[in-house]
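Student: My structure is in upload.cif, and what it holds is mmCIF, C-alpha atoms:
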data_query
#
loop_
_atom_site.label_atom_id
_atom_site.label_comp_id
_atom_site.auth_asym_id
_atom_site.auth_seq_id
_atom_site.Cartn_x
_atom_site.Cartn_y
_atom_site.Cartn_z
CA MET A 1 -115.55 191.88 6.16
CA GLY A 2 -114.40 188.31 6.30
CA VAL A 3 -116.37 185.12 5.83
CA ARG A 4 -117.04 184.72 9.54
CA GLU A 5 -118.35 188.28 9.88
CA TYR A 6 -120.53 187.90 6.77
CA ASN A 7 -122.09 184.66 8.04
CA GLU A 8 -122.71 186.21 11.47
CA ARG A 9 -124.42 189.21 9.85
CA GLU A 10 -126.69 186.91 7.86
CA ARG A 11 -127.67 185.03 11.02
CA LYS A 12 -128.49 188.28 12.84
CA TRP A 13 -130.63 189.60 9.99
CA GLY A 14 -132.68 186.43 10.01
CA LYS A 15 -135.90 185.31 8.41
CA GLU A 16 -137.85 188.54 8.94
CA PHE A 17 -135.43 190.54 6.78
CA ARG A 18 -135.27 187.84 4.09
CA ASP A 19 -139.09 187.81 3.97
CA TRP A 20 -139.10 191.61 3.62
CA GLN A 21 -136.53 191.38 0.78
CA GLN A 22 -138.68 188.90 -1.14
CA LYS A 23 -141.74 191.11 -0.81
CA PHE A 24 -139.79 194.29 -1.72
CA TYR A 25 -138.14 192.84 -4.84
CA ARG A 26 -141.56 191.67 -6.10
CA SER A 27 -143.24 195.04 -5.50
CA LYS A 28 -144.60 197.13 -8.37
CA GLU A 29 -142.50 200.11 -7.28
CA TRP A 30 -139.25 198.12 -7.40
CA ILE A 31 -140.02 196.40 -10.70
CA LYS A 32 -140.88 199.73 -12.34
CA LEU A 33 -137.69 201.37 -11.08
CA ARG A 34 -135.54 198.32 -11.93
CA ASN A 35 -136.85 198.34 -15.50
CA ARG A 36 -136.24 202.09 -15.78
CA VAL A 37 -132.59 201.64 -14.72
CA ARG A 38 -132.18 198.88 -17.31
CA ASP A 39 -133.70 201.07 -20.04
CA ILE A 40 -131.64 204.14 -19.16
CA ASN A 41 -128.43 202.14 -19.26
CA GLY A 42 -129.29 200.38 -22.51
CA MET A 43 -128.51 197.06 -20.84
CA ARG A 44 -124.83 198.02 -20.42
CA CYS A 45 -123.03 197.17 -17.21
CA ASN A 46 -122.18 200.31 -15.23
CA LYS A 47 -118.91 198.74 -14.07
CA CYS A 48 -117.35 197.02 -17.10
CA GLY A 49 -119.40 198.68 -19.84
CA LYS A 50 -120.22 195.44 -21.63
CA LEU A 51 -123.59 194.87 -23.23
CA ILE A 52 -125.51 192.50 -20.99
CA ARG A 53 -126.92 189.48 -22.79
CA GLY A 54 -128.48 187.44 -20.06
CA LYS A 55 -128.86 188.07 -16.36
CA SER A 56 -128.53 191.63 -15.20
CA ILE A 57 -128.71 192.90 -11.66
CA VAL A 58 -129.97 196.31 -10.63
CA ASP A 59 -127.77 196.69 -7.58
CA HIS A 60 -128.05 199.01 -4.59
CA ILE A 61 -124.79 200.96 -4.27
CA GLU A 62 -125.47 201.52 -0.58
CA GLU A 63 -126.52 198.12 0.70
CA VAL A 64 -130.06 197.62 1.96
CA THR A 65 -129.95 196.48 5.58
CA PRO A 66 -132.53 195.85 8.30
CA GLY A 67 -131.72 199.31 9.62
CA ASN A 68 -132.46 201.16 6.38
CA LYS A 69 -134.98 198.93 4.63
CA TYR A 70 -137.78 201.49 4.97
CA ASP A 71 -135.62 204.41 3.83
CA VAL A 72 -136.76 205.13 0.26
CA SER A 73 -133.72 207.36 -0.26
CA ILE A 74 -131.79 204.08 -0.25
CA THR A 75 -134.24 201.43 -1.44
CA LEU A 76 -136.08 203.32 -4.20
CA ASN A 77 -133.57 206.02 -5.12
CA GLU A 78 -132.38 205.80 -8.72
CA ASP A 79 -129.11 207.51 -7.72
CA ASN A 80 -128.39 204.58 -5.38
CA LEU A 81 -128.78 202.00 -8.15
CA GLN A 82 -126.43 200.62 -10.77
CA LEU A 83 -126.92 198.08 -13.52
CA LEU A 84 -124.39 195.26 -13.32
CA CYS A 85 -123.71 192.14 -15.32
CA LEU A 86 -123.74 188.97 -13.25
CA GLY A 87 -119.93 188.80 -13.10
CA CYS A 88 -119.50 192.38 -11.88
CA HIS A 89 -122.35 191.97 -9.39
CA ASN A 90 -120.83 188.80 -7.95
CA SER A 91 -117.37 190.34 -7.66
CA LYS A 92 -118.83 193.38 -5.85
CA THR A 93 -121.22 191.51 -3.60
CA PHE A 94 -119.21 188.44 -2.70
CA ALA A 95 -115.62 189.73 -2.78
CA HIS A 96 -115.74 190.35 0.97
CA GLN A 97 -116.42 186.65 1.55
CA ILE A 98 -113.08 185.56 0.08
CA ASP A 99 -110.34 185.13 2.64
CA TYR A 100 -107.36 186.24 0.55
CA GLU A 101 -104.96 186.09 3.46
CA MET A 102 -105.94 182.48 4.18
CA LYS A 103 -106.28 183.23 7.91
CA ASN A 104 -109.15 180.76 8.20
CA ARG A 105 -107.68 178.06 5.96
CA ASN A 106 -105.35 176.20 8.29
CA ASP A 107 -106.49 172.86 6.94
CA VAL A 108 -105.46 173.56 3.34
CA ASN A 109 -102.58 171.35 2.15
CA LEU A 110 -101.14 172.64 -1.08
CA PHE A 111 -98.68 169.73 -1.54
#
Can you give me the file's structure in the form of structure tokens?

Tutor:
Amino acid sequence: MGVREYNERERKWGKEFRDWQQKFYRSKEWIKLRNRVRDINGMRCNKCGKLIRGKSIVDHIEEVTPGNKYDVSITLNEDNLQLLCLGCHNSKTFAHQIDYEMKNRNDVNLF
């Protein structure tokens, strides 16, 4: 998924989904499960294995979308969660936004 597709997806999902996300990630059920995942993993990143000293992200392996947001087998399933350090989370979540082939960078002058 390129930058254009990602931005279009965000526009389609809109305010209603963002409001749902805020409510969900503040819920007692999510906080309890998030803390359990952190405890089980001993604050070690599931991807790089480093001890996390700072921000950690309990990440959904299968992304939560407007179409599956009420599916607890995705949203509140421990098997669909992984503990990531901020660097690993950002590389997983935002890698699709980087246009490595520079298709959309016609205005870049490298000289």

Student: Starting from the shown file, work through the PyMOL selection byres ((chain A and resi 25) around 12) and note down what comes out as a PyMOL selection string.

Tutor: chain A and resi 18-24+26-34+57-60+64+69+75-76

Student: What's the separation between CA of Cys85 (chain A) and CA of Glu62 (chain A), in Å to one decimal place?

Tutor: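 Separation between CA of Cys85 (chain A) and CA of Glu62 (chain A): 17.6 Å.
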
Student: Neighbours of Lys50 (chain A) within 12 Å (only C-alpha atoms; same-chain residues fewer than 4 positions away dropped), as a PyMOL selection string?

Tutor: chain A and resi 41-46+54+56+83-88

Student: For the selection you just gave me, I'd like the residues written to a file as a short mmCIF file (atom, residue, chain, number, x, y, z; two decimals), keeping the file's coordinate frame, keeping C-alpha atoms.

Tutor:
data_model
loop_
_atom_site.label_atom_id
_atom_site.label_comp_id
_atom_site.auth_asym_id
_atom_site.auth_seq_id
_atom_site.Cartn_x
_atom_site.Cartn_y
_atom_site.Cartn_z
CA ASN A 41 -128.43 202.14 -19.26
CA GLY A 42 -129.29 200.38 -22.51
CA MET A 43 -128.51 197.06 -20.84
CA ARG A 44 -124.83 198.02 -20.42
CA CYS A 45 -123.03 197.17 -17.21
CA ASN A 46 -122.18 200.31 -15.23
CA GLY A 54 -128.48 187.44 -20.06
CA SER A 56 -128.53 191.63 -15.20
CA LEU A 83 -126.92 198.08 -13.52
CA LEU A 84 -124.39 195.26 -13.32
CA CYS A 85 -123.71 192.14 -15.32
CA LEU A 86 -123.74 188.97 -13.25
CA GLY A 87 -119.93 188.80 -13.10
CA CYS A 88 -119.50 192.38 -11.88
#

Student: Looking at A:Ser91, A:Asn68, A:Gln82, A:Asn77, which one is nearest to Phe17 (chain A), with distances taken over all atoms listed in the file?

Tutor: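 Using all atoms listed in the file, Phe17 (chain A) sits closest to A:Asn68.
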
Student: Please indicate the distance in Å from CA of Asn90 (chain A) to CA of Thr65 (chain A), rounded to one decimal place.

Tutor: 18.0 Å

Student: Work out how far apart CA of Arg36 (chain A) and CA of Ile61 (chain A) are and give it in Å to one decimal.

Tutor: 16.3 Å
